[in-house]
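This is structure-v4.cif. It holds mmCIF, C-alpha atoms.
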```
data_structure
#
loop_
_atom_site.label_atom_id
_atom_site.label_comp_id
_atom_site.auth_asym_id
_atom_site.auth_seq_id
_atom_site.Cartn_x
_atom_site.Cartn_y
_atom_site.Cartn_z
CA ILE A 1 65.39 8.55 22.04
CA CYS A 2 62.71 8.19 19.34
CA GLU A 3 63.65 11.56 17.86
CA GLU A 4 67.32 10.58 17.67
CA ILE A 5 66.58 7.19 16.09
CA PHE A 6 63.79 8.04 13.66
CA THR A 7 64.32 11.75 12.91
CA LYS A 8 68.02 12.41 13.28
CA ASN A 9 69.03 8.88 12.25
CA ILE A 10 71.40 8.60 15.21
CA ASN A 11 71.84 4.90 15.90
CA LEU A 12 74.47 2.26 16.55
CA LYS A 13 74.66 1.24 12.91
CA GLN A 14 75.63 4.78 11.93
CA SER A 15 78.10 5.33 14.77
CA ASP A 16 79.87 1.94 14.96
CA ALA A 17 81.42 0.43 11.82
CA ASN A 18 81.87 -2.93 13.56
CA PHE A 19 78.14 -3.23 14.24
CA ALA A 20 77.26 -2.02 10.73
CA ARG A 21 79.41 -4.78 9.22
CA GLN A 22 78.15 -7.40 11.67
CA VAL A 23 74.45 -7.00 10.81
CA LEU A 24 75.26 -7.71 7.16
CA HIS A 25 76.77 -11.14 7.88
CA PRO A 26 74.83 -13.98 6.17
CA SER A 27 74.51 -16.02 9.39
CA ASP A 28 71.48 -17.33 11.28
CA GLY A 29 72.22 -15.10 14.24
CA ILE A 30 74.68 -12.44 15.37
CA PHE A 31 75.60 -10.77 18.62
CA TYR A 32 77.45 -7.60 19.54
CA LEU A 33 78.84 -6.70 22.95
CA ASP A 34 80.65 -3.42 23.66
CA ASN A 35 82.70 -4.05 26.81
CA SER A 36 83.68 -0.39 27.07
CA ARG A 37 80.03 0.47 27.75
CA ASN A 38 79.75 -2.36 30.25
CA PHE A 39 82.77 -0.98 32.10
CA ARG A 40 81.33 2.53 32.07
CA ASN A 41 77.96 1.36 33.42
CA THR A 42 79.25 -1.04 36.08
CA ASN A 43 77.42 -0.38 39.34
CA GLY A 44 80.50 -1.07 41.44
CA LEU A 45 82.27 1.95 39.89
CA TRP A 46 79.63 4.53 40.79
CA SER A 47 81.79 6.06 43.53
CA MET A 48 84.67 6.64 41.09
CA HIS A 49 82.47 8.95 39.01
CA SER A 50 82.46 11.50 41.83
CA MET A 51 85.71 10.73 43.66
CA PHE A 52 88.14 9.92 40.82
CA PRO A 53 86.56 11.11 37.55
CA GLU A 54 89.89 11.58 35.72
CA LEU A 55 91.12 8.14 36.74
CA LEU A 56 87.85 6.58 35.61
CA GLN A 57 88.16 8.31 32.25
CA ASP A 58 91.71 6.99 31.83
CA MET A 59 90.59 3.47 32.68
CA GLU A 60 87.67 3.75 30.24
CA GLU A 61 90.13 4.61 27.48
CA LEU A 62 91.80 1.22 28.01
CA TYR A 63 88.53 -0.44 27.05
CA VAL A 64 87.89 1.62 23.92
CA GLY A 65 87.60 -0.79 20.99
CA ASN A 66 86.99 -3.78 23.27
CA VAL A 67 84.07 -5.25 21.32
CA MET A 68 82.85 -8.84 21.04
CA LEU A 69 81.36 -9.81 17.67
CA GLY A 70 79.75 -13.17 17.03
CA ASP A 71 77.99 -15.27 14.41
CA ILE A 72 75.81 -18.36 14.88
CA MET A 73 75.22 -20.82 12.03
CA LEU A 74 72.56 -23.53 12.29
CA ASN A 75 73.52 -26.37 9.96
CA GLU A 76 71.91 -29.74 9.29
CA THR A 77 74.07 -31.66 11.78
CA SER A 78 76.00 -28.94 13.58
CA ILE A 79 75.75 -25.59 15.32
CA ASP A 80 78.73 -23.32 14.66
CA MET A 81 79.65 -20.17 16.53
CA LYS A 82 82.45 -17.75 15.77
CA VAL A 83 83.37 -15.05 18.30
CA GLU A 84 85.82 -12.27 17.53
CA ALA A 85 87.19 -10.48 20.59
CA ASN A 86 88.52 -7.09 19.48
CA TYR A 87 90.84 -4.97 21.61
CA GLY A 88 92.17 -1.46 21.80
CA GLU A 89 95.92 -0.98 21.48
CA ALA A 90 96.79 -0.85 25.21
CA LEU A 91 94.51 -3.64 26.43
CA GLY A 92 95.33 -5.72 23.36
CA SER A 93 99.03 -5.61 24.18
CA ILE A 94 98.25 -7.04 27.65
CA TYR A 95 96.13 -9.85 26.22
CA GLN A 96 98.82 -10.62 23.64
CA GLU A 97 101.42 -11.11 26.38
CA LEU A 98 99.01 -13.10 28.59
CA ASN A 99 98.00 -15.49 25.81
CA GLY A 100 101.50 -15.98 24.44
CA ALA A 101 102.47 -18.86 26.75
CA LYS A 102 104.03 -21.96 25.24
CA PHE A 103 101.91 -25.11 25.43
CA ASP A 104 103.23 -27.69 27.93
CA LYS A 105 102.86 -31.07 26.26
CA HIS A 106 103.27 -32.88 29.58
CA VAL A 107 99.67 -32.08 30.51
CA LEU A 108 98.50 -34.40 27.73
CA LYS A 109 99.84 -37.45 29.61
CA TYR A 110 97.29 -36.87 32.37
CA ILE A 111 94.22 -36.66 30.12
CA PRO A 112 92.82 -40.21 29.68
CA LYS A 113 91.62 -41.42 26.32
CA SER A 114 88.31 -42.38 27.94
CA ASN A 115 87.51 -38.84 29.14
CA SER A 116 84.08 -37.32 28.55
CA GLY A 117 85.49 -33.81 28.38
CA PHE A 118 88.65 -31.80 28.92
CA PHE A 119 90.14 -28.35 28.43
CA THR A 120 93.59 -26.82 28.14
CA TYR A 121 94.41 -23.18 28.81
CA ASN A 122 97.72 -21.37 28.35
CA ILE A 123 98.47 -18.06 29.99
CA ASP A 124 101.76 -16.27 30.71
CA LEU A 125 101.07 -14.44 33.96
CA ASN A 126 104.61 -13.10 34.20
CA LYS A 127 104.63 -11.28 30.86
CA GLY A 128 101.01 -10.24 31.32
CA TYR A 129 101.81 -8.76 34.72
CA GLU A 130 104.84 -6.88 33.42
CA ARG A 131 102.88 -5.41 30.52
CA ALA A 132 99.91 -4.47 32.71
CA TYR A 133 102.29 -2.88 35.23
CA ASP A 134 103.92 -0.77 32.52
CA ILE A 135 100.51 0.47 31.30
CA ILE A 136 98.46 0.89 34.48
CA ILE A 137 101.03 2.29 36.94
CA PRO A 138 101.78 5.42 34.81
CA ILE A 139 98.01 6.08 34.65
CA LEU A 140 97.72 5.88 38.44
CA GLN A 141 100.82 8.05 38.96
CA GLN A 142 99.05 10.98 37.29
CA GLU A 143 96.44 11.09 40.07
CA LYS A 144 96.72 13.68 42.83
CA ASN A 145 94.65 11.76 45.36
CA PRO A 146 96.86 10.80 48.38
CA ARG A 147 95.17 7.43 48.86
CA ILE A 148 95.78 6.37 45.25
CA LEU A 149 99.38 7.61 45.32
CA GLN A 150 99.96 5.69 48.55
CA ASN A 151 98.72 2.49 46.91
CA VAL A 152 100.91 3.19 43.88
CA LEU A 153 103.95 3.48 46.15
CA VAL A 154 103.08 0.18 47.85
CA ALA A 155 102.68 -1.50 44.45
CA GLU A 156 106.03 -0.15 43.22
CA LEU A 157 107.85 -1.25 46.37
CA MET A 158 106.29 -4.73 46.24
CA ASN A 159 107.34 -5.00 42.61
CA GLU A 160 110.92 -4.20 43.61
CA PHE A 161 111.17 -6.33 46.76
CA ILE A 162 109.12 -9.43 45.90
CA ASN A 163 110.72 -12.17 43.83
CA THR A 164 108.19 -12.10 41.02
CA ASP A 165 110.16 -14.72 39.08
CA ALA A 166 109.54 -17.22 41.89
CA VAL A 167 105.87 -16.27 42.10
CA PHE A 168 105.19 -16.67 38.40
CA SER A 169 107.43 -19.71 37.98
CA THR A 170 105.16 -21.55 40.40
CA TYR A 171 102.46 -21.31 37.73
CA LYS A 172 104.42 -21.65 34.49
CA GLY A 173 101.63 -21.21 31.99
CA SER A 174 99.61 -24.32 31.07
CA MET A 175 96.45 -25.49 32.82
CA PHE A 176 94.20 -28.46 32.12
CA GLY A 177 91.07 -30.08 33.48
CA THR A 178 89.23 -33.33 32.77
CA PHE A 179 85.85 -34.87 33.50
CA ASN A 180 86.00 -38.67 33.65
CA GLY A 181 82.40 -39.54 34.38
CA VAL A 182 80.61 -40.36 37.62
CA LYS A 183 81.45 -43.03 40.18
CA ARG A 184 79.34 -44.25 43.06
CA VAL A 185 81.42 -43.94 46.21
CA LYS A 186 80.87 -44.67 49.88
CA THR A 187 80.70 -41.63 52.10
CA THR A 188 80.46 -40.97 55.80
CA ARG A 189 78.65 -37.86 56.91
CA ILE A 190 77.59 -36.36 60.21
CA GLU A 191 73.84 -36.30 60.81
CA PHE A 192 72.43 -34.04 63.52
CA PHE A 193 69.27 -35.04 65.41
CA TYR A 194 67.04 -33.69 68.14
CA ASP A 195 65.43 -35.76 70.89
CA GLU A 196 62.01 -34.27 71.66
CA GLN A 197 61.75 -36.17 74.94
CA THR A 198 65.09 -35.20 76.44
CA PHE A 199 65.38 -31.90 74.52
CA GLU A 200 68.95 -32.76 73.61
CA TYR A 201 70.79 -32.37 70.35
CA GLY A 202 73.13 -35.03 69.12
CA GLU A 203 75.11 -36.21 66.13
CA ARG A 204 75.91 -39.53 64.57
CA GLU A 205 77.93 -40.86 61.67
CA VAL A 206 75.86 -42.12 58.76
CA GLU A 207 77.32 -44.21 55.95
CA SER A 208 75.79 -43.82 52.51
CA GLU A 209 76.63 -43.89 48.82
CA GLU A 210 76.92 -40.79 46.67
CA ASP A 211 77.32 -40.22 42.94
CA MET A 212 80.57 -38.33 42.61
CA PRO A 213 81.81 -36.62 39.41
CA ILE A 214 85.44 -37.61 38.79
CA PHE A 215 87.56 -34.60 37.91
CA THR A 216 91.19 -33.60 37.56
CA LEU A 217 92.63 -30.08 37.52
CA GLY A 218 96.30 -29.25 37.14
CA PHE A 219 98.83 -26.68 36.01
CA SER A 220 102.47 -26.62 34.98
CA THR A 221 105.14 -25.36 37.37
CA GLU A 222 108.88 -24.77 37.37
CA ARG A 223 109.01 -24.58 41.18
CA ALA A 224 107.76 -27.90 42.54
CA ASP A 225 109.62 -27.06 45.75
CA ILE A 226 107.19 -24.26 46.64
CA PRO A 227 104.02 -26.43 46.67
CA ASN A 228 106.01 -29.09 48.53
CA LYS A 229 106.89 -26.58 51.24
CA ILE A 230 103.24 -25.67 51.65
CA LEU A 231 102.10 -29.30 51.72
CA GLY A 232 104.85 -30.24 54.17
CA HIS A 233 103.83 -27.38 56.46
CA MET A 234 100.15 -28.41 56.30
CA ALA A 235 101.14 -32.01 57.16
CA ARG A 236 102.80 -30.76 60.33
CA LEU A 237 99.69 -28.78 61.25
CA THR A 238 97.06 -31.46 60.62
CA SER A 239 96.92 -35.20 60.13
CA GLN A 240 94.56 -34.73 57.17
CA PHE A 241 97.56 -34.09 54.90
CA LYS A 242 99.64 -37.20 54.24
CA ASN A 243 102.65 -37.76 52.00
CA MET A 244 102.19 -41.09 50.23
CA GLY A 245 105.41 -40.88 48.18
CA ASN A 246 104.12 -40.48 44.62
CA TYR A 247 101.24 -38.30 45.73
CA TRP A 248 99.70 -36.48 48.66
CA VAL A 249 96.28 -37.20 50.09
CA VAL A 250 94.00 -34.81 51.97
CA GLU A 251 91.54 -36.85 54.00
CA ASP A 252 87.86 -35.84 54.21
CA ALA A 253 88.39 -32.99 51.75
CA VAL A 254 85.34 -33.68 49.56
CA LEU A 255 81.88 -33.76 51.18
CA ASN A 256 83.75 -33.98 54.50
CA SER A 257 84.29 -37.67 53.89
CA LEU A 258 86.18 -38.30 50.63
CA PRO A 259 89.90 -37.78 50.00
CA LEU A 260 91.44 -35.31 47.58
CA TYR A 261 94.68 -36.39 45.92
CA ILE A 262 97.55 -34.06 44.98
CA ILE A 263 100.29 -35.00 42.51
CA ASN A 264 103.42 -32.84 42.30
CA LYS A 265 105.57 -34.51 39.66
CA ASN A 266 106.95 -34.06 36.16
CA GLY A 267 106.60 -30.27 36.26
CA LEU A 268 102.88 -30.46 37.06
CA PHE A 269 100.82 -29.73 40.17
CA ILE A 270 97.56 -31.70 40.02
CA PHE A 271 94.39 -31.91 42.13
CA THR A 272 92.05 -34.87 41.61
CA ASN A 273 89.45 -37.00 43.35
CA ASP A 274 90.36 -39.90 41.05
CA GLU A 275 91.97 -42.54 43.27
CA ASP A 276 93.06 -44.59 40.26
CA LEU A 277 95.02 -41.67 38.80
CA ALA A 278 96.84 -40.95 42.05
CA LYS A 279 97.69 -44.54 42.97
CA ASN A 280 98.30 -46.11 39.57
CA HIS A 281 99.05 -43.32 37.08
CA SER A 282 100.96 -40.58 38.93
CA ASN A 283 103.35 -40.42 35.95
CA GLY A 284 100.52 -40.21 33.42
CA TYR A 285 98.31 -42.66 31.56
CA GLY A 286 100.94 -43.69 29.01
CA GLY A 287 99.31 -45.50 26.09
CA ASN A 288 95.87 -44.82 27.59
CA SER A 289 96.32 -41.07 27.46
CA LEU A 290 94.77 -38.72 24.92
CA SER A 291 94.91 -39.90 21.31
CA ALA A 292 97.50 -38.33 19.00
CA ARG A 293 94.75 -36.70 16.92
CA GLU A 294 93.13 -34.99 19.92
CA ALA A 295 96.55 -34.05 21.30
CA ARG A 296 97.46 -32.26 18.05
CA LYS A 297 94.22 -30.28 18.19
CA ALA A 298 94.95 -29.12 21.73
CA LYS A 299 98.55 -28.17 20.93
CA SER A 300 97.72 -26.32 17.71
CA SER A 301 94.96 -24.21 19.24
CA GLY A 302 95.83 -20.77 20.61
CA SER A 303 95.42 -20.01 24.29
CA MET A 304 92.44 -22.33 24.76
CA TYR A 305 91.04 -25.67 23.65
CA ALA A 306 88.06 -27.63 24.97
CA PHE A 307 86.27 -30.84 24.10
CA LEU A 308 83.02 -32.17 25.55
CA ASN A 309 81.08 -35.27 24.57
CA TRP A 310 77.72 -33.89 25.66
CA GLY A 311 75.72 -37.02 24.88
CA GLU A 312 78.14 -39.18 26.87
CA VAL A 313 78.04 -36.79 29.84
CA LEU A 314 74.24 -36.92 29.98
CA ASP A 315 74.22 -40.71 29.66
CA ARG A 316 76.75 -41.05 32.49
CA LEU A 317 74.86 -38.82 34.90
CA PRO A 318 72.45 -40.93 36.98
CA LYS A 319 68.81 -39.86 36.98
CA GLU A 320 68.77 -39.95 40.78
CA MET A 321 70.77 -36.70 40.80
CA PHE A 322 67.81 -34.75 39.36
CA SER A 323 64.14 -34.18 40.03
CA SER A 324 61.44 -35.68 37.82
CA GLU A 325 60.84 -32.28 36.18
CA GLN A 326 64.53 -31.88 35.41
CA ASN A 327 64.75 -35.40 34.04
CA GLU A 328 61.92 -34.68 31.61
CA ILE A 329 64.05 -32.01 29.96
CA LEU A 330 67.27 -34.03 30.16
CA ASP A 331 65.53 -37.06 28.65
CA SER A 332 64.96 -35.06 25.49
CA MET A 333 68.75 -34.99 25.05
CA ARG A 334 69.69 -38.42 26.39
CA GLY A 335 70.58 -40.91 23.70
CA LYS A 336 71.53 -38.16 21.25
CA SER A 337 75.22 -37.91 20.52
CA GLY A 338 76.67 -34.44 20.58
CA VAL A 339 80.30 -33.31 20.58
CA LEU A 340 81.36 -29.77 21.42
CA GLU A 341 84.77 -28.38 20.45
CA LEU A 342 86.24 -24.97 21.27
CA THR A 343 89.36 -23.60 19.58
CA SER A 344 91.05 -20.22 19.69
CA SER A 345 93.42 -18.36 17.41
CA LYS A 346 96.72 -16.82 18.37
CA THR A 347 96.13 -13.51 20.14
CA THR A 348 97.33 -10.32 18.47
CA ARG A 349 97.11 -6.77 19.74
CA GLN A 350 93.94 -6.36 17.73
CA LYS A 351 91.89 -9.51 18.42
CA THR A 352 91.44 -13.16 19.33
CA ILE A 353 89.07 -15.44 17.41
CA TYR A 354 87.20 -18.25 19.17
CA GLU A 355 85.32 -20.93 17.27
CA VAL A 356 82.81 -23.33 18.81
CA THR A 357 81.41 -26.29 16.87
CA TYR A 358 78.71 -28.55 18.24
CA THR A 359 78.16 -31.62 16.06
CA PHE A 360 75.14 -33.79 16.77
CA GLU A 361 73.17 -36.79 15.60
CA GLY A 362 69.83 -38.27 16.59
CA THR A 363 66.14 -37.55 16.20
CA TYR A 364 65.30 -33.83 16.12
CA ASP A 365 62.94 -31.47 14.32
CA ASN A 366 65.60 -28.95 13.29
CA ALA A 367 68.86 -27.44 14.48
CA GLY A 368 67.03 -24.57 16.22
CA LYS A 369 64.94 -26.97 18.32
CA TYR A 370 68.05 -28.97 19.14
CA LEU A 371 69.79 -25.77 20.27
CA LEU A 372 66.92 -24.90 22.63
CA ASP A 373 66.98 -28.41 24.13
CA LEU A 374 70.74 -28.08 24.57
CA VAL A 375 70.45 -24.70 26.32
CA ASN A 376 67.73 -26.04 28.64
CA SER A 377 69.85 -29.07 29.55
CA ALA A 378 72.94 -26.95 30.20
CA TYR A 379 70.89 -24.63 32.43
CA ILE A 380 69.60 -27.55 34.51
CA LEU A 381 73.11 -28.96 35.01
CA SER A 382 74.41 -25.54 36.09
CA LYS A 383 71.79 -25.11 38.85
#
```

Before anything else, please render the file you have as structure tokens.
Amino acid sequence: ICEEIFTKNINLKQSDANFARQVLHPSDGIFYLDNSRNFRNTNGLWSMHSMFPELLQDMEELYVGNVMLGDIMLNETSIDMKVEANYGEALGSIYQELNGAKFDKHVLKYIPKSNSGFFTYNIDLNKGYERAYDIIIPILQQEKNPRILQNVLVAELMNEFINTDAVFSTYKGSMFGTFNGVKRVKTTRIEFFYDEQTFEYGEREVESEEDMPIFTLGFSTERADIPNKILGHMARLTSQFKNMGNYWVVEDAVLNSLPLYIINKNGLFIFTNDEDLAKNHSNGYGGNSLSAREARKAKSSGSMYAFLNWGEVLDRLPKEMFSSEQNEILDSMRGKSGVLELTSSKTTRQKTIYEVTYTFEGTYDNAGKYLLDLVNSAYILSK
């Protein structure tokens, strides 16, 4: 390795023009990720090297040119990141079809103005499937292995016999999710105990209060009848599923004690643990929904948009949810406002560009220190 690098001058900068250009960017930090190498070195594919070497080589060719390039800029009151996802011709054509879904504006009615964070994501599974089928099936058909050819036959027959339009119309293309803070709710849980005198085990119901994050997750659909068939069948099987008219409720679905609400209206299929949304806003929040300015941002972004008021999220989370050590790190961020925004470009066959901006205020030494505090806080919340 040393001889190649120092004597023969064989290195990534000489062999990859993308990397050579990236290291010259006048940013505070860069990153480079070659997904084709990650695919080649995946441990789960070790058996394919010996059993299906030609197939593995064909699949590797799909990932050629799949490189992630990124820049990080540390500004006085913001941290900016730009990520460029580059594709090869074949894989890029699949991503272009997947990310070409039309934004469904109806999802905006179910995002409240008071949210602490939300995301929208658009994906056309039907066109993505058709394009992937046209590219991958011919590759598999070239194999001589009987097991692979058998699976190819099954895939071709399923493609002919299954009503793919019905399958992909159930999920039309737009997805959204919201975080609306934390509410303290009453819960009932089963507590198991052991009697040392009688040597008997037992159980009892214990009522308590829990801090519950309030979330909503939904997607657009053209076939509301299909989810209704499933929900109706589940209601006949168990009393946990109940049709309340404007919404469905699944009893004891969260923490084995709290209900989950399902809304299947207005071309949307929505899951939420927000009782207020289900009972009072099943047709959307109306004038209390997302502001026109934020709605325009979500609609004008490419396949993805996200917003998170990080300072508000930390302030809403009760300290009782974390240990004293965790709170020490989180306290360094509490009281500091910080807003994160993710946007994406339209996807072409060559690339998609993602931009992340984190704007902050408050007392801090410098943007680098603020970034480290932010990473530490995010790590704690993810544990």

Quiz item: If you count all atoms listed in the file, which residues fall within 10 Å of Lys102 (chain A), apart from same-chain ones fewer than 5 positions away, as a ChimeraX atom specification?
Solution: /A:122-124,172-174,299,302-303

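What separates CA of Asp274 (chain A) from CA of Ser220 (chain A) is a distance of 19.0 Å.
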
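Applied to the file shown here, the PyMOL selection byres ((chain A and resi 286) around 10) selects Leu108, Lys109, Tyr110, Ile111, Pro112, Lys113, His281, Asn283, Gly284, Tyr285, Gly287, Asn288, Ser289 and Leu290 of chain A.
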
Give me the residues near Leu69 (chain A) as a compact mmCIF listing (two decimals) with C-alpha atoms, in the frame of the given file, where near means some atom within 12 Å (using all atoms listed in the file) and where sequence neighbours in that chain fewer than 3 positions away do not count.
```txt
# COMPACT_ATOMS: atom_id res chain seq x y z
CA ALA A 17 81.42 0.43 11.82
CA ASN A 18 81.87 -2.93 13.56
CA PHE A 19 78.14 -3.23 14.24
CA ALA A 20 77.26 -2.02 10.73
CA ARG A 21 79.41 -4.78 9.22
CA GLN A 22 78.15 -7.40 11.67
CA VAL A 23 74.45 -7.00 10.81
CA HIS A 25 76.77 -11.14 7.88
CA GLY A 29 72.22 -15.10 14.24
CA ILE A 30 74.68 -12.44 15.37
CA PHE A 31 75.60 -10.77 18.62
CA TYR A 32 77.45 -7.60 19.54
CA LEU A 33 78.84 -6.70 22.95
CA ASP A 34 80.65 -3.42 23.66
CA ASN A 35 82.70 -4.05 26.81
CA GLY A 65 87.60 -0.79 20.99
CA ASN A 66 86.99 -3.78 23.27
CA ILE A 72 75.81 -18.36 14.88
CA MET A 81 79.65 -20.17 16.53
CA LYS A 82 82.45 -17.75 15.77
CA VAL A 83 83.37 -15.05 18.30
CA GLU A 84 85.82 -12.27 17.53
CA ALA A 85 87.19 -10.48 20.59
CA ASN A 86 88.52 -7.09 19.48
CA TYR A 87 90.84 -4.97 21.61
CA LYS A 351 91.89 -9.51 18.42
CA THR A 352 91.44 -13.16 19.33
CA ILE A 353 89.07 -15.44 17.41
CA TYR A 354 87.20 -18.25 19.17
CA GLU A 355 85.32 -20.93 17.27
```

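Residue membership of the PyMOL selection byres ((chain A and resi 247-250) around 9) in the shown file amounts to Leu231, Ser239, Gln240, Phe241, Lys242, Asn243, Met244, Gly245, Asn246, Glu251, Asp252, Ala253, Leu258, Pro259, Leu260, Tyr261, Ile262, Ile263, Asn264, Lys265, Ala278, Lys279 and Ser282 of chain A.
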
Please save C-alpha atoms of the selected residues as a PDB file, in the frame of the given file.
```
ATOM      1  CA  LEU A 231     102.100 -29.300  51.720  1.00  0.00           C
ATOM      2  CA  SER A 239      96.920 -35.200  60.130  1.00  0.00           C
ATOM      3  CA  GLN A 240      94.560 -34.730  57.170  1.00  0.00           C
ATOM      4  CA  PHE A 241      97.560 -34.090  54.900  1.00  0.00           C
ATOM      5  CA  LYS A 242      99.640 -37.200  54.240  1.00  0.00           C
ATOM      6  CA  ASN A 243     102.650 -37.760  52.000  1.00  0.00           C
ATOM      7  CA  MET A 244     102.190 -41.090  50.230  1.00  0.00           C
ATOM      8  CA  GLY A 245     105.410 -40.880  48.180  1.00  0.00           C
ATOM      9  CA  ASN A 246     104.120 -40.480  44.620  1.00  0.00           C
ATOM     10  CA  GLU A 251      91.540 -36.850  54.000  1.00  0.00           C
ATOM     11  CA  ASP A 252      87.860 -35.840  54.210  1.00  0.00           C
ATOM     12  CA  ALA A 253      88.390 -32.990  51.750  1.00  0.00           C
ATOM     13  CA  LEU A 258      86.180 -38.300  50.630  1.00  0.00           C
ATOM     14  CA  PRO A 259      89.900 -37.780  50.000  1.00  0.00           C
ATOM     15  CA  LEU A 260      91.440 -35.310  47.580  1.00  0.00           C
ATOM     16  CA  TYR A 261      94.680 -36.390  45.920  1.00  0.00           C
ATOM     17  CA  ILE A 262      97.550 -34.060  44.980  1.00  0.00           C
ATOM     18  CA  ILE A 263     100.290 -35.000  42.510  1.00  0.00           C
ATOM     19  CA  ASN A 264     103.420 -32.840  42.300  1.00  0.00           C
ATOM     20  CA  LYS A 265     105.570 -34.510  39.660  1.00  0.00           C
ATOM     21  CA  ALA A 278      96.840 -40.950  42.050  1.00  0.00           C
ATOM     22  CA  LYS A 279      97.690 -44.540  42.970  1.00  0.00           C
ATOM     23  CA  SER A 282     100.960 -40.580  38.930  1.00  0.00           C
TER      24      SER A 282
END
```
